[in-house]
Every structure is written in structure tokens, then in C-alpha cells.
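Single-structure report; data block below.
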Amino acid sequence: MRKRRPAVASLNEVEITREGDDAVIQYKDSEIATTYFHVGPQLCGMSDQEILDEFNAVLEADAEASAEYEHVAIEVPQGRPQIRYFAPGDQWVPRGGVLRCVIDDGGPEGEAVIYVDDQPLSLAEFGRLLCTFAGWGMRIAFVPEEKLDTSPSIEVREPEGE
């Protein structure tokens, strides 16, 4: 199970240890991720409360910035490359925030192959491409291949006939 993101906490909700210039903030709730919070050399002179106050301030600033952020997903125009090969990482990476893909079952033993533009990607290659957005969420809308260049209408409801 994926752990929840750290949240503003009080000292009785966390345990703080030190590793070099990092404060390790471990929540007593095991479903919340442990964080290595880089403080720097001044860490050795700080109390746990001072460390937690700084960490909470960062979380609050992140929440405020997130609330003000309006995301616009960039879709590369039809006919232009949506992905590029990133040689230092030996992987394909998206050029924008929207991918038009076609799913095929022509891989080994019927494994899915994902075509982006005309580039076939194995599930492993496609998974590495997705990791470019690690920490983000995604929505997948399945559409007929001939409708790839339009955004579908979406209805929120339970599927029929299940």
C-alpha cells in the first residue's frame, strides 16, 4: 500500500532522529511516509520542536502554493513528436503533459505494446516514461483510435451491465 504524504504534525505525533545534516521525521502513524528533511549543519543545535516547526512551515507553504496552482496540461499538437529519447537516462520521456497512445497486443506472449506516435513501447518502457511524472496522478480515458485527437465527453456514473 502506498503511504500517505506527510502532514503538519505536533511533536507527539512524530519521532525525530538525526542523520548528518538531515532530520528523519517518522510519523507514529505507519501509514504516513517517513521524510528525510535536509536542514544543514545547524541541525545539531536545533531542538526537535524547532525542526518540526521548520518542517511544518514547509508543508504549509507547499499546501498554499498547491491551492493557488492552476494546472494546464500541455498537449503536443497532432503531427509533432509527443515523446523524445533521453539518452542519459536510456528512456523515452514525454514532451508534454498529455499523451495520445494506441494499445496493441502484439508483444511477446500477447503482452501489451503502447504506441506513442509510431514508436512502440513495451510495458516496461512505457512504465519508465510514466515515472517521469512520479508523485503526480493521472486519468486515462480510452477512446477509439480514430478519436485520439479529440477530448472525449466524460460522464461520472457507475458503468451499466456489470
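Residues in the C-alpha cells are numbered from 1 in each chain, the chains being A, B, ... in the order shown, and ligands are numbered from 1 in the order shown.
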
If we count only C-alpha atoms and set the cut-off at 7 Å, which residues sit around segment 124-134 of chain A, ignoring sequence neighbours fewer than 2 positions away in its own chain? Please answer as a PDB file with all heavy atoms, in the first residue's frame.
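The result, written out as out05.pdb:
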ATOM      1  N   GLN A  91      15.934   6.219 -21.796  1.00  0.00           N
ATOM      2  CA  GLN A  91      14.490   6.029 -21.780  1.00  0.00           C
ATOM      3  C   GLN A  91      13.794   7.104 -22.609  1.00  0.00           C
ATOM      4  O   GLN A  91      14.368   8.141 -22.923  1.00  0.00           O
ATOM      5  CB  GLN A  91      13.952   6.059 -20.352  1.00  0.00           C
ATOM      6  CG  GLN A  91      13.945   7.449 -19.721  1.00  0.00           C
ATOM      7  CD  GLN A  91      13.383   7.437 -18.323  1.00  0.00           C
ATOM      8  OE1 GLN A  91      14.050   6.995 -17.405  1.00  0.00           O
ATOM      9  NE2 GLN A  91      12.168   7.924 -18.163  1.00  0.00           N
ATOM     10  N   TRP A  92      12.546   6.820 -22.930  1.00  0.00           N
ATOM     11  CA  TRP A  92      11.691   7.785 -23.601  1.00  0.00           C
ATOM     12  C   TRP A  92      11.042   8.668 -22.551  1.00  0.00           C
ATOM     13  O   TRP A  92      10.685   8.186 -21.463  1.00  0.00           O
ATOM     14  CB  TRP A  92      10.613   7.058 -24.420  1.00  0.00           C
ATOM     15  CG  TRP A  92      11.196   6.355 -25.604  1.00  0.00           C
ATOM     16  CD1 TRP A  92      11.604   5.055 -25.668  1.00  0.00           C
ATOM     17  CD2 TRP A  92      11.451   6.921 -26.881  1.00  0.00           C
ATOM     18  NE1 TRP A  92      12.103   4.783 -26.911  1.00  0.00           N
ATOM     19  CE2 TRP A  92      12.013   5.910 -27.690  1.00  0.00           C
ATOM     20  CE3 TRP A  92      11.264   8.183 -27.439  1.00  0.00           C
ATOM     21  CZ2 TRP A  92      12.390   6.113 -29.013  1.00  0.00           C
ATOM     22  CZ3 TRP A  92      11.634   8.390 -28.751  1.00  0.00           C
ATOM     23  CH2 TRP A  92      12.189   7.378 -29.526  1.00  0.00           C
ATOM     24  N   VAL A  93      10.872   9.953 -22.866  1.00  0.00           N
ATOM     25  CA  VAL A  93      10.224  10.889 -21.945  1.00  0.00           C
ATOM     26  C   VAL A  93       9.171  11.691 -22.710  1.00  0.00           C
ATOM     27  O   VAL A  93       9.336  11.964 -23.897  1.00  0.00           O
ATOM     28  CB  VAL A  93      11.241  11.841 -21.265  1.00  0.00           C
ATOM     29  CG1 VAL A  93      12.198  11.069 -20.367  1.00  0.00           C
ATOM     30  CG2 VAL A  93      12.000  12.662 -22.282  1.00  0.00           C
ATOM     31  N   PRO A  94       8.085  12.060 -22.047  1.00  0.00           N
ATOM     32  CA  PRO A  94       7.053  12.868 -22.713  1.00  0.00           C
ATOM     33  C   PRO A  94       7.528  14.302 -22.904  1.00  0.00           C
ATOM     34  O   PRO A  94       8.274  14.832 -22.087  1.00  0.00           O
ATOM     35  CB  PRO A  94       5.865  12.807 -21.760  1.00  0.00           C
ATOM     36  CG  PRO A  94       6.412  12.353 -20.457  1.00  0.00           C
ATOM     37  CD  PRO A  94       7.721  11.695 -20.693  1.00  0.00           C
ATOM     38  N   LEU A 121       6.327   0.970 -27.573  1.00  0.00           N
ATOM     39  CA  LEU A 121       6.942   0.901 -26.249  1.00  0.00           C
ATOM     40  C   LEU A 121       6.429  -0.343 -25.537  1.00  0.00           C
ATOM     41  O   LEU A 121       5.215  -0.573 -25.470  1.00  0.00           O
ATOM     42  CB  LEU A 121       6.591   2.139 -25.424  1.00  0.00           C
ATOM     43  CG  LEU A 121       7.015   3.497 -25.989  1.00  0.00           C
ATOM     44  CD1 LEU A 121       6.442   4.621 -25.138  1.00  0.00           C
ATOM     45  CD2 LEU A 121       8.520   3.605 -26.067  1.00  0.00           C
ATOM     46  N   SER A 122       7.347  -1.130 -24.991  1.00  0.00           N
ATOM     47  CA  SER A 122       6.947  -2.267 -24.163  1.00  0.00           C
ATOM     48  C   SER A 122       6.319  -1.711 -22.886  1.00  0.00           C
ATOM     49  O   SER A 122       6.435  -0.511 -22.588  1.00  0.00           O
ATOM     50  CB  SER A 122       8.165  -3.128 -23.822  1.00  0.00           C
ATOM     51  OG  SER A 122       9.031  -2.416 -22.945  1.00  0.00           O
ATOM     52  N   TRP A 136       2.805  12.423  -9.257  1.00  0.00           N
ATOM     53  CA  TRP A 136       1.605  13.021  -9.850  1.00  0.00           C
ATOM     54  C   TRP A 136       0.541  11.946  -9.949  1.00  0.00           C
ATOM     55  O   TRP A 136       0.800  10.762  -9.777  1.00  0.00           O
ATOM     56  CB  TRP A 136       1.923  13.547 -11.254  1.00  0.00           C
ATOM     57  CG  TRP A 136       2.732  14.802 -11.281  1.00  0.00           C
ATOM     58  CD1 TRP A 136       4.007  14.956 -10.809  1.00  0.00           C
ATOM     59  CD2 TRP A 136       2.331  16.064 -11.785  1.00  0.00           C
ATOM     60  NE1 TRP A 136       4.416  16.248 -11.006  1.00  0.00           N
ATOM     61  CE2 TRP A 136       3.419  16.951 -11.609  1.00  0.00           C
ATOM     62  CE3 TRP A 136       1.171  16.528 -12.379  1.00  0.00           C
ATOM     63  CZ2 TRP A 136       3.356  18.272 -12.001  1.00  0.00           C
ATOM     64  CZ3 TRP A 136       1.126  17.853 -12.783  1.00  0.00           C
ATOM     65  CH2 TRP A 136       2.212  18.707 -12.584  1.00  0.00           C
TER      66      TRP A 136
END

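All residues of protein, DNA or RNA that reach within 7 Å of segment 19-26 of chain A, judged by only C-alpha atoms and not counting those fewer than 3 positions away in the chain, are Val14, Glu15, Ile16, Thr34, Thr35, Tyr36, Phe37, His38, Val39, Gly40, Pro41 and Leu43 of chain A.
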
Writing out the chosen residues with N, CA and C atoms as a PDB file, in the first residue's frame:
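Generated output (part.pdb):
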ATOM      1  N   VAL A  14       5.150  12.467  16.012  1.00  0.00           N
ATOM      2  CA  VAL A  14       6.325  12.077  15.229  1.00  0.00           C
ATOM      3  C   VAL A  14       7.490  11.724  16.145  1.00  0.00           C
ATOM      4  N   GLU A  15       8.450  11.023  15.558  1.00  0.00           N
ATOM      5  CA  GLU A  15       9.743  10.799  16.203  1.00  0.00           C
ATOM      6  C   GLU A  15      10.784  11.393  15.274  1.00  0.00           C
ATOM      7  N   ILE A  16      11.701  12.178  15.825  1.00  0.00           N
ATOM      8  CA  ILE A  16      12.717  12.844  15.009  1.00  0.00           C
ATOM      9  C   ILE A  16      14.088  12.345  15.435  1.00  0.00           C
ATOM     10  N   THR A  34       7.776   8.368   5.960  1.00  0.00           N
ATOM     11  CA  THR A  34       8.892   8.966   6.689  1.00  0.00           C
ATOM     12  C   THR A  34       9.592   9.943   5.749  1.00  0.00           C
ATOM     13  N   THR A  35      10.071  11.059   6.284  1.00  0.00           N
ATOM     14  CA  THR A  35      10.714  12.087   5.472  1.00  0.00           C
ATOM     15  C   THR A  35      12.119  12.371   5.981  1.00  0.00           C
ATOM     16  N   TYR A  36      13.042  12.488   5.038  1.00  0.00           N
ATOM     17  CA  TYR A  36      14.390  12.959   5.338  1.00  0.00           C
ATOM     18  C   TYR A  36      14.396  14.440   4.994  1.00  0.00           C
ATOM     19  N   PHE A  37      14.395  15.269   6.010  1.00  0.00           N
ATOM     20  CA  PHE A  37      14.286  16.720   5.867  1.00  0.00           C
ATOM     21  C   PHE A  37      15.682  17.322   5.997  1.00  0.00           C
ATOM     22  N   HIS A  38      16.202  17.858   4.885  1.00  0.00           N
ATOM     23  CA  HIS A  38      17.550  18.427   4.907  1.00  0.00           C
ATOM     24  C   HIS A  38      17.516  19.793   5.591  1.00  0.00           C
ATOM     25  N   VAL A  39      18.278  19.909   6.666  1.00  0.00           N
ATOM     26  CA  VAL A  39      18.330  21.149   7.435  1.00  0.00           C
ATOM     27  C   VAL A  39      19.680  21.840   7.240  1.00  0.00           C
ATOM     28  N   GLY A  40      20.741  21.069   7.226  1.00  0.00           N
ATOM     29  CA  GLY A  40      22.085  21.638   7.105  1.00  0.00           C
ATOM     30  C   GLY A  40      22.843  21.526   8.412  1.00  0.00           C
ATOM     31  N   PRO A  41      24.025  22.140   8.466  1.00  0.00           N
ATOM     32  CA  PRO A  41      24.888  21.974   9.643  1.00  0.00           C
ATOM     33  C   PRO A  41      24.303  22.524  10.938  1.00  0.00           C
ATOM     34  N   LEU A  43      21.602  21.835  12.134  1.00  0.00           N
ATOM     35  CA  LEU A  43      20.725  20.803  12.713  1.00  0.00           C
ATOM     36  C   LEU A  43      21.173  20.387  14.110  1.00  0.00           C
TER      37      LEU A  43
END

- Minimum-distance residue to Ser153 of chain A, chosen among A:Gln49, A:Gly79, A:Ala141, A:Glu60 (using only C-alpha atoms): A:Ala141

- Task: Would you kindly return, as a VMD selection string, each protein, DNA or RNA residue with an atom no farther than 12 Å from any atom of segment 63-72 of chain A, considering only C-alpha atoms and excluding same-chain residues fewer than 3 positions away?
- Result: chain A and resid 5 to 8 56 to 60 75 96 to 98 136

Restricting it to N, CA, C and O atoms, dump the selection as a compact mmCIF listing (two decimals), in the first residue's frame.
# COMPACT_ATOMS: atom_id res chain seq x y z
N ARG A 5 1.14 11.11 2.14
CA ARG A 5 2.12 12.18 2.21
C ARG A 5 2.18 12.75 3.62
O ARG A 5 1.18 12.77 4.33
N PRO A 6 3.36 13.24 4.02
CA PRO A 6 3.49 13.86 5.35
C PRO A 6 2.53 15.04 5.50
O PRO A 6 2.23 15.74 4.53
N ALA A 7 2.06 15.24 6.71
CA ALA A 7 1.13 16.32 7.02
C ALA A 7 1.66 17.09 8.22
O ALA A 7 2.49 16.58 8.99
N VAL A 8 1.17 18.30 8.39
CA VAL A 8 1.53 19.10 9.56
C VAL A 8 1.21 18.28 10.80
O VAL A 8 0.15 17.67 10.90
N ASN A 56 6.98 21.80 9.41
CA ASN A 56 5.57 22.17 9.27
C ASN A 56 5.41 23.42 8.40
O ASN A 56 4.47 23.52 7.61
N ALA A 57 6.32 24.38 8.55
CA ALA A 57 6.26 25.61 7.73
C ALA A 57 6.42 25.28 6.25
O ALA A 57 5.74 25.85 5.40
N VAL A 58 7.31 24.33 5.94
CA VAL A 58 7.49 23.91 4.55
C VAL A 58 6.21 23.25 4.03
O VAL A 58 5.75 23.53 2.92
N LEU A 59 5.62 22.37 4.84
CA LEU A 59 4.38 21.70 4.43
C LEU A 59 3.26 22.72 4.21
O LEU A 59 2.49 22.60 3.25
N GLU A 60 3.15 23.70 5.09
CA GLU A 60 2.11 24.74 4.96
C GLU A 60 2.34 25.58 3.70
O GLU A 60 1.40 25.91 2.98
N GLU A 75 -0.76 19.64 -24.38
CA GLU A 75 -0.85 18.56 -25.36
C GLU A 75 -0.09 19.00 -26.60
O GLU A 75 -0.37 20.05 -27.18
N GLY A 96 5.14 16.71 -23.36
CA GLY A 96 4.05 17.48 -22.79
C GLY A 96 3.41 16.73 -21.65
O GLY A 96 3.99 15.77 -21.12
N GLY A 97 2.21 17.13 -21.28
CA GLY A 97 1.51 16.51 -20.17
C GLY A 97 0.32 15.67 -20.59
O GLY A 97 -0.43 15.20 -19.74
N VAL A 98 0.13 15.49 -21.89
CA VAL A 98 -0.96 14.66 -22.42
C VAL A 98 -0.33 13.74 -23.47
O VAL A 98 0.48 14.20 -24.28
N TRP A 136 2.80 12.42 -9.26
CA TRP A 136 1.61 13.02 -9.85
C TRP A 136 0.54 11.95 -9.95
O TRP A 136 0.80 10.76 -9.78

- Query: as a ChimeraX atom specification, which residues of chain A does DSSP assign to strand (DSSP E)?
  - Reply: /A:14-19,22-27,35-38,83-86,91-94,101-104,113-116,119-122

Export C-alpha atoms of the chosen residues as a short mmCIF file (atom, residue, chain, number, x, y, z; two decimals), in the first residue's frame?
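Contents of selection11.cif, as written:
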data_model
loop_
_atom_site.label_atom_id
_atom_site.label_comp_id
_atom_site.auth_asym_id
_atom_site.auth_seq_id
_atom_site.Cartn_x
_atom_site.Cartn_y
_atom_site.Cartn_z
CA VAL A 14 6.33 12.08 15.23
CA GLU A 15 9.74 10.80 16.20
CA ILE A 16 12.72 12.84 15.01
CA THR A 17 16.23 11.48 14.65
CA ARG A 18 19.29 12.98 13.02
CA GLU A 19 21.47 11.62 10.23
CA ASP A 22 19.14 15.57 7.74
CA ALA A 23 16.33 15.25 10.25
CA VAL A 24 14.48 11.96 9.85
CA ILE A 25 10.83 12.63 10.62
CA GLN A 26 8.95 9.41 11.24
CA TYR A 27 5.24 9.58 11.95
CA THR A 35 10.71 12.09 5.47
CA TYR A 36 14.39 12.96 5.34
CA PHE A 37 14.29 16.72 5.87
CA HIS A 38 17.55 18.43 4.91
CA ILE A 83 7.98 11.85 -26.78
CA ARG A 84 11.72 12.10 -27.14
CA TYR A 85 14.53 9.73 -26.31
CA PHE A 86 16.55 10.87 -23.29
CA GLN A 91 14.49 6.03 -21.78
CA TRP A 92 11.69 7.78 -23.60
CA VAL A 93 10.22 10.89 -21.95
CA PRO A 94 7.05 12.87 -22.71
CA CYS A 101 -1.49 6.40 -27.39
CA VAL A 102 -2.69 3.27 -29.14
CA ILE A 103 -2.72 -0.07 -27.32
CA ASP A 104 -1.77 -3.22 -29.23
CA VAL A 113 2.58 -2.70 -26.67
CA ILE A 114 1.85 1.00 -26.34
CA TYR A 115 2.37 3.11 -29.45
CA VAL A 116 3.08 6.79 -28.90
CA GLN A 119 7.09 4.44 -31.54
CA PRO A 120 6.28 1.03 -29.99
CA LEU A 121 6.94 0.90 -26.25
CA SER A 122 6.95 -2.27 -24.16
#

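Between atom CA of Arg4 of chain A and atom CA of Ala61 of chain A lies a distance of 18.1 Å.
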
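Residue-level DSSP output for segment 39-82 of chain A, from the backbone, shows alpha helix (DSSP H) at Asp48, Gln49, Glu50, Ile51, Leu52, Asp53, Glu54, Phe55, Asn56, Ala57, Val58, Leu59, Glu60, Ala61, Asp62, Ala63, Glu64, Ala65, Ser66, Ala67 and Glu68 of chain A.
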
Writing out the chosen residues with all heavy atoms as a compact mmCIF listing (two decimals), in the first residue's frame:
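Output file out_33.txt is given in full below:
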# COMPACT_ATOMS: atom_id res chain seq x y z
N ASP A 48 14.07 19.25 18.73
CA ASP A 48 13.08 18.55 17.91
C ASP A 48 11.93 19.48 17.55
O ASP A 48 11.44 19.47 16.41
CB ASP A 48 12.53 17.31 18.64
CG ASP A 48 13.53 16.17 18.66
OD1 ASP A 48 14.62 16.29 18.07
OD2 ASP A 48 13.21 15.13 19.29
N GLN A 49 11.50 20.32 18.48
CA GLN A 49 10.40 21.24 18.21
C GLN A 49 10.77 22.26 17.13
O GLN A 49 9.98 22.57 16.26
CB GLN A 49 9.94 21.96 19.49
CG GLN A 49 8.71 22.82 19.30
CD GLN A 49 7.48 22.01 18.89
OE1 GLN A 49 7.05 21.11 19.62
NE2 GLN A 49 6.91 22.30 17.73
N GLU A 50 12.00 22.76 17.19
CA GLU A 50 12.45 23.72 16.17
C GLU A 50 12.49 23.05 14.79
O GLU A 50 12.09 23.67 13.79
CB GLU A 50 13.83 24.28 16.53
CG GLU A 50 13.80 25.22 17.72
CD GLU A 50 15.20 25.59 18.21
OE1 GLU A 50 16.11 24.71 18.20
OE2 GLU A 50 15.37 26.76 18.62
N ILE A 51 12.96 21.83 14.74
CA ILE A 51 12.99 21.09 13.47
C ILE A 51 11.57 20.90 12.95
O ILE A 51 11.28 21.17 11.78
CB ILE A 51 13.67 19.71 13.66
CG1 ILE A 51 15.15 19.89 13.99
CG2 ILE A 51 13.48 18.83 12.43
CD1 ILE A 51 15.83 18.63 14.50
N LEU A 52 10.69 20.47 13.83
CA LEU A 52 9.30 20.23 13.42
C LEU A 52 8.62 21.53 12.99
O LEU A 52 7.86 21.52 12.01
CB LEU A 52 8.51 19.54 14.54
CG LEU A 52 7.12 19.09 14.15
CD1 LEU A 52 7.15 18.09 13.00
CD2 LEU A 52 6.40 18.48 15.35
N ASP A 53 8.91 22.62 13.67
CA ASP A 53 8.34 23.91 13.27
C ASP A 53 8.76 24.28 11.85
O ASP A 53 7.94 24.73 11.05
CB ASP A 53 8.74 25.02 14.24
CG ASP A 53 8.06 24.90 15.61
OD1 ASP A 53 7.08 24.12 15.72
OD2 ASP A 53 8.54 25.55 16.55
N GLU A 54 10.03 24.07 11.52
CA GLU A 54 10.52 24.36 10.16
C GLU A 54 9.87 23.43 9.14
O GLU A 54 9.48 23.85 8.06
CB GLU A 54 12.04 24.25 10.08
CG GLU A 54 12.74 25.46 10.63
CD GLU A 54 14.19 25.56 10.17
OE1 GLU A 54 14.54 25.04 9.09
OE2 GLU A 54 14.98 26.18 10.91
N PHE A 55 9.78 22.16 9.48
CA PHE A 55 9.19 21.17 8.58
C PHE A 55 7.71 21.50 8.34
O PHE A 55 7.25 21.50 7.20
CB PHE A 55 9.34 19.77 9.16
CG PHE A 55 8.80 18.68 8.27
CD1 PHE A 55 9.36 18.42 7.04
CD2 PHE A 55 7.73 17.90 8.69
CE1 PHE A 55 8.87 17.42 6.21
CE2 PHE A 55 7.23 16.89 7.88
CZ PHE A 55 7.81 16.65 6.64
N ASN A 56 6.98 21.80 9.41
CA ASN A 56 5.57 22.17 9.27
C ASN A 56 5.41 23.42 8.40
O ASN A 56 4.47 23.52 7.61
CB ASN A 56 4.92 22.38 10.63
CG ASN A 56 4.59 21.07 11.32
OD1 ASN A 56 4.48 20.02 10.69
ND2 ASN A 56 4.44 21.12 12.64
N ALA A 57 6.32 24.38 8.55
CA ALA A 57 6.26 25.61 7.73
C ALA A 57 6.42 25.28 6.25
O ALA A 57 5.74 25.85 5.40
CB ALA A 57 7.32 26.61 8.19
N VAL A 58 7.31 24.33 5.94
CA VAL A 58 7.49 23.91 4.55
C VAL A 58 6.21 23.25 4.03
O VAL A 58 5.75 23.53 2.92
CB VAL A 58 8.70 22.95 4.41
CG1 VAL A 58 8.73 22.28 3.05
CG2 VAL A 58 10.00 23.71 4.67
N LEU A 59 5.62 22.37 4.84
CA LEU A 59 4.38 21.70 4.43
C LEU A 59 3.26 22.72 4.21
O LEU A 59 2.49 22.60 3.25
CB LEU A 59 3.96 20.67 5.48
CG LEU A 59 4.86 19.45 5.63
CD1 LEU A 59 4.35 18.56 6.76
CD2 LEU A 59 4.97 18.66 4.33
N GLU A 60 3.15 23.70 5.09
CA GLU A 60 2.11 24.74 4.96
C GLU A 60 2.34 25.58 3.70
O GLU A 60 1.40 25.91 2.98
CB GLU A 60 2.06 25.61 6.21
CG GLU A 60 1.48 24.87 7.41
CD GLU A 60 1.70 25.58 8.74
OE1 GLU A 60 2.48 26.56 8.79
OE2 GLU A 60 1.09 25.14 9.73
N ALA A 61 3.60 25.93 3.42
CA ALA A 61 3.91 26.71 2.21
C ALA A 61 3.59 25.89 0.96
O ALA A 61 3.06 26.42 -0.02
CB ALA A 61 5.38 27.13 2.22
N ASP A 62 3.90 24.59 0.99
CA ASP A 62 3.58 23.71 -0.14
C ASP A 62 2.07 23.64 -0.36
O ASP A 62 1.60 23.70 -1.50
CB ASP A 62 4.11 22.29 0.09
CG ASP A 62 5.61 22.17 -0.16
OD1 ASP A 62 6.22 23.13 -0.69
OD2 ASP A 62 6.17 21.12 0.19
N ALA A 63 1.32 23.52 0.72
CA ALA A 63 -0.15 23.45 0.61
C ALA A 63 -0.71 24.73 0.04
O ALA A 63 -1.61 24.71 -0.80
CB ALA A 63 -0.77 23.14 1.97
N GLU A 64 -0.16 25.88 0.48
CA GLU A 64 -0.63 27.17 -0.03
C GLU A 64 -0.31 27.31 -1.52
O GLU A 64 -1.15 27.73 -2.30
CB GLU A 64 0.03 28.30 0.76
CG GLU A 64 -0.47 29.67 0.38
CD GLU A 64 0.17 30.76 1.23
OE1 GLU A 64 0.25 30.59 2.46
OE2 GLU A 64 0.58 31.78 0.64
N ALA A 65 0.90 26.94 -1.90
CA ALA A 65 1.29 27.02 -3.32
C ALA A 65 0.43 26.08 -4.16
O ALA A 65 0.00 26.43 -5.26
CB ALA A 65 2.77 26.68 -3.48
N SER A 66 0.15 24.90 -3.63
CA SER A 66 -0.68 23.93 -4.35
C SER A 66 -2.10 24.45 -4.54
O SER A 66 -2.70 24.27 -5.60
CB SER A 66 -0.70 22.61 -3.59
OG SER A 66 -1.48 21.66 -4.26
N ALA A 67 -2.65 25.11 -3.52
CA ALA A 67 -4.01 25.64 -3.60
C ALA A 67 -4.11 26.74 -4.65
O ALA A 67 -5.15 26.91 -5.29
CB ALA A 67 -4.46 26.16 -2.24
N GLU A 68 -3.02 27.49 -4.85
CA GLU A 68 -3.02 28.59 -5.81
C GLU A 68 -2.67 28.13 -7.22
O GLU A 68 -2.90 28.85 -8.18
CB GLU A 68 -2.04 29.67 -5.35
CG GLU A 68 -2.45 30.35 -4.07
CD GLU A 68 -1.38 31.29 -3.54
OE1 GLU A 68 -0.31 31.44 -4.19
OE2 GLU A 68 -1.61 31.88 -2.46

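Atom CA of Ser47 of chain A lies 21.7 Å from atom CA of Asp29 of chain A.
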
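For the pair atom CA of Arg95 of chain A and atom CA of Arg139 of chain A, the interatomic distance is 17.6 Å.
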